[in-house]
$ cat target_37.pdb   # PDB, C-alpha atoms and all ligand atoms
MODEL        1
ATOM      1  CA  MET S   1     144.847  98.428  59.054
ATOM      2  CA  MET S   2     144.033  97.099  55.625
ATOM      3  CA  GLU S   3     144.736  93.491  54.804
ATOM      4  CA  SER S   4     146.465  94.017  51.481
ATOM      5  CA  ASP S   5     148.286  90.713  51.394
ATOM      6  CA  MET S   6     146.013  87.925  50.223
ATOM      7  CA  GLY S   7     148.248  85.430  51.904
ATOM      8  CA  LYS S   8     148.988  81.954  50.703
ATOM      9  CA  GLU S   9     146.852  79.215  49.255
ATOM     10  CA  CYS S  10     146.780  76.140  51.444
ATOM     11  CA  VAL S  11     147.757  73.030  49.517
ATOM     12  CA  ILE S  12     145.227  70.918  51.442
ATOM     13  CA  CYS S  13     142.048  72.982  51.701
ATOM     14  CA  GLY S  14     142.784  75.507  48.941
ATOM     15  CA  ARG S  15     141.861  78.490  51.110
ATOM     16  CA  MET S  16     143.800  81.729  51.078
ATOM     17  CA  VAL S  17     145.416  82.016  54.479
ATOM     18  CA  ALA S  18     147.558  84.755  55.988
ATOM     19  CA  GLN S  19     151.207  83.821  55.925
ATOM     20  CA  GLY S  20     151.449  83.836  59.706
ATOM     21  CA  ARG S  21     148.674  81.251  60.017
ATOM     22  CA  GLY S  22     150.488  78.351  58.496
ATOM     23  CA  PHE S  23     153.876  77.282  57.311
ATOM     24  CA  GLN S  24     155.710  77.148  54.057
ATOM     25  CA  LEU S  25     157.136  73.953  52.655
ATOM     26  CA  LEU S  26     159.181  75.104  49.702
ATOM     27  CA  HIS S  27     156.587  76.416  47.222
ATOM     28  CA  HIS S  28     153.717  74.778  49.096
ATOM     29  CA  PHE S  29     151.810  76.232  51.995
ATOM     30  CA  LEU S  30     149.961  74.386  54.748
ATOM     31  CA  CYS S  31     147.586  76.278  57.023
ATOM     32  CA  ASN S  32     147.418  75.768  60.783
ATOM     33  CA  ASP S  33     143.871  74.420  60.556
ATOM     34  CA  CYS S  34     144.867  71.646  58.191
ATOM     35  CA  GLU S  35     147.972  70.830  60.165
ATOM     36  CA  ARG S  36     145.824  70.439  63.278
ATOM     37  CA  LYS S  37     143.268  68.335  61.392
ATOM     38  CA  ILE S  38     145.933  66.033  60.065
ATOM     39  CA  VAL S  39     147.424  65.567  63.504
ATOM     40  CA  HIS S  40     144.033  64.841  65.075
ATOM     41  CA  THR S  41     142.467  62.808  62.277
ATOM     42  CA  ASP S  42     142.241  59.137  63.095
ATOM     43  CA  VAL S  43     144.078  56.840  60.703
ATOM     44  CA  ALA S  44     140.819  54.934  60.195
ATOM     45  CA  ASP S  45     139.083  58.130  59.093
ATOM     46  CA  GLU S  46     138.637  58.318  55.320
ATOM     47  CA  ARG S  47     139.816  61.940  55.377
ATOM     48  CA  TYR S  48     143.155  60.762  56.669
ATOM     49  CA  GLN S  49     143.840  59.068  53.349
ATOM     50  CA  TYR S  50     143.033  62.339  51.572
ATOM     51  CA  TYR S  51     145.499  64.233  53.724
ATOM     52  CA  VAL S  52     148.155  61.587  53.286
ATOM     53  CA  GLU S  53     147.785  61.779  49.521
ATOM     54  CA  LYS S  54     148.089  65.557  49.584
ATOM     55  CA  LEU S  55     151.095  65.415  51.860
ATOM     56  CA  ALA S  56     152.719  62.735  49.747
ATOM     57  CA  VAL S  57     152.979  65.338  46.975
ATOM     58  CA  LEU S  58     154.711  67.671  49.419
ATOM     59  CA  TRP S  59     157.179  65.078  50.599
ATOM     60  CA  ARG S  60     157.964  64.077  47.022
ATOM     61  CA  ASP S  61     158.689  67.690  46.111
ATOM     62  CA  LEU S  62     160.787  68.094  49.232
ATOM     63  CA  SER S  63     162.919  65.070  48.494
ATOM     64  CA  MET S  64     163.311  66.105  44.851
ATOM     65  CA  GLU S  65     164.374  69.572  45.934
ATOM     66  CA  ARG S  66     167.103  68.125  48.127
ATOM     67  CA  MET S  67     168.651  66.352  45.166
ATOM     68  CA  VAL S  68     169.049  69.611  43.267
ATOM     69  CA  PRO S  69     172.483  71.077  43.953
TER      70      PRO S  69
HETATM   71 ZN    ZN T 101     144.343  74.387  54.881
ENDMDL
END
$ encode --input "target_37.pdb" --output "structure tokens" --more "lines below"
Ligand SMILES: [Zn+2]
Amino acid sequence: MMESDMGKECVICGRMVAQGRGFQLLHHFLCNDCERKIVHTDVADERYQYYVEKLAVLWRDLSMERMVP
């Protein structure tokens, strides 16, 4: 079977990931790998701050979307 669908671009790592290997947050997509990394990254880790900043954009979009009727 040919993989014709390029999938989605992960908002964190920027990779193209098959739709089934992550989840959609409105127009953003987060892959399973990044989700796992975020969950397992220690708060003291400098990468954690990077993830938090990326996710902050998601949460802002999510909250803005909710205000739209
Ligand atoms: Zn990712």
$ resolve_selection --input "target_37.pdb" --expression "the PyMOL selection byres (((chain S and resi 31-47) around 7) and not hetatm)" --output "VMD selection string"
chain S and resid 10 12 17 21 to 23 29 to 30 48 to 51
$ atom_distance --input "target_37.pdb" --atom1 "atom CA of Lys8 of chain S" --atom2 "atom CA of Leu58 of chain S"
15.4 Å
$ atom_distance --input "target_37.pdb" --atom1 "atom CA of Gly14 of chain S" --atom2 "atom CA of Arg66 of chain S"
25.4 Å
$ atom_distance --input "target_37.pdb" --atom1 "atom CA of Trp59 of chain S" --atom2 "atom CA of Gly20 of chain S"
21.6 Å
$ axis_aligned_box --input "target_37.pdb" --around "segment 37-47 of chain S" --padding-each-side "5 Å" --output "JSON"
{"center_x": 143.0, "center_y": 61.6, "center_z": 60.2, "size_x": 18.8, "size_y": 23.4, "size_z": 19.8}
$ closest_residue --input "target_37.pdb" --among "S:Met64, S:Cys13, S:Ala18, S:Leu26" --to "ligand ZN 101 (chain T)" --atoms "only C-alpha atoms and all ligand atoms"
S:Cys13
$ residues_near_point --input "target_37.pdb" --point "(159.1, 68.7, 48.6)" --cutoff "12 Å" --atoms "all atoms listed in the file" --output "PyMOL selection string"
chain S and resi 24-29+54-68
$ build_atoms --input "target_37.pdb" --residues "segment 17-48 of chain S" --atoms "N, CA and C atoms" --output "short mmCIF file (atom, residue, chain, number, x, y, z; two decimals), keeping the file's coordinate frame"
data_model
loop_
_atom_site.label_atom_id
_atom_site.label_comp_id
_atom_site.auth_asym_id
_atom_site.auth_seq_id
_atom_site.Cartn_x
_atom_site.Cartn_y
_atom_site.Cartn_z
N VAL S 17 145.16 81.87 53.06
CA VAL S 17 145.42 82.02 54.48
C VAL S 17 146.57 83.00 54.66
N ALA S 18 146.46 83.83 55.69
CA ALA S 18 147.56 84.76 55.99
C ALA S 18 148.84 83.98 56.26
N GLN S 19 149.93 84.54 55.83
CA GLN S 19 151.21 83.82 55.92
C GLN S 19 151.52 83.36 57.34
N GLY S 20 151.13 84.17 58.33
CA GLY S 20 151.45 83.84 59.71
C GLY S 20 150.60 82.72 60.28
N ARG S 21 149.60 82.25 59.50
CA ARG S 21 148.67 81.25 60.02
C ARG S 21 148.91 79.89 59.39
N GLY S 22 150.14 79.64 59.06
CA GLY S 22 150.49 78.35 58.50
C GLY S 22 151.98 78.31 58.29
N PHE S 23 152.45 77.31 57.58
CA PHE S 23 153.88 77.28 57.31
C PHE S 23 154.17 76.88 55.88
N GLN S 24 155.30 77.32 55.43
CA GLN S 24 155.71 77.15 54.06
C GLN S 24 156.61 75.92 53.94
N LEU S 25 156.26 75.08 52.98
CA LEU S 25 157.14 73.95 52.66
C LEU S 25 157.56 74.14 51.21
N LEU S 26 158.74 74.72 51.04
CA LEU S 26 159.18 75.10 49.70
C LEU S 26 158.13 75.99 49.06
N HIS S 27 157.59 75.59 47.89
CA HIS S 27 156.59 76.42 47.22
C HIS S 27 155.17 76.04 47.63
N HIS S 28 155.04 75.14 48.60
CA HIS S 28 153.72 74.78 49.10
C HIS S 28 153.46 75.45 50.44
N PHE S 29 152.19 75.60 50.74
CA PHE S 29 151.81 76.23 52.00
C PHE S 29 150.74 75.39 52.67
N LEU S 30 150.91 75.18 53.97
CA LEU S 30 149.96 74.39 54.75
C LEU S 30 149.46 75.25 55.89
N CYS S 31 148.12 75.42 55.98
CA CYS S 31 147.59 76.28 57.02
C CYS S 31 147.52 75.54 58.36
N ASN S 32 147.45 76.33 59.43
CA ASN S 32 147.42 75.77 60.78
C ASN S 32 146.22 74.84 60.99
N ASP S 33 145.08 75.23 60.41
CA ASP S 33 143.87 74.42 60.56
C ASP S 33 144.08 73.01 60.00
N CYS S 34 144.66 72.95 58.81
CA CYS S 34 144.87 71.65 58.19
C CYS S 34 145.92 70.85 58.94
N GLU S 35 146.94 71.53 59.41
CA GLU S 35 147.97 70.83 60.16
C GLU S 35 147.34 70.18 61.39
N ARG S 36 146.49 70.95 62.08
CA ARG S 36 145.82 70.44 63.28
C ARG S 36 144.92 69.26 62.93
N LYS S 37 144.18 69.41 61.80
CA LYS S 37 143.27 68.33 61.39
C LYS S 37 144.03 67.05 61.10
N ILE S 38 145.14 67.21 60.41
CA ILE S 38 145.93 66.03 60.06
C ILE S 38 146.42 65.34 61.32
N VAL S 39 146.89 66.13 62.26
CA VAL S 39 147.42 65.57 63.50
C VAL S 39 146.33 64.84 64.28
N HIS S 40 145.11 65.39 64.25
CA HIS S 40 144.03 64.84 65.08
C HIS S 40 143.10 63.88 64.33
N THR S 41 143.32 63.73 63.03
CA THR S 41 142.47 62.81 62.28
C THR S 41 142.91 61.37 62.54
N ASP S 42 141.94 60.54 62.85
CA ASP S 42 142.24 59.14 63.10
C ASP S 42 142.67 58.46 61.79
N VAL S 43 143.58 57.54 61.90
CA VAL S 43 144.08 56.84 60.70
C VAL S 43 142.94 56.10 60.00
N ALA S 44 141.95 55.67 60.77
CA ALA S 44 140.82 54.93 60.20
C ALA S 44 139.85 55.85 59.46
N ASP S 45 139.96 57.16 59.74
CA ASP S 45 139.08 58.13 59.09
C ASP S 45 139.42 58.22 57.61
N GLU S 46 138.38 58.27 56.76
CA GLU S 46 138.64 58.32 55.32
C GLU S 46 139.33 59.62 54.90
N ARG S 47 139.15 60.68 55.69
CA ARG S 47 139.82 61.94 55.38
C ARG S 47 141.33 61.82 55.54
N TYR S 48 141.73 60.93 56.42
CA TYR S 48 143.16 60.76 56.67
C TYR S 48 143.89 60.39 55.38
#
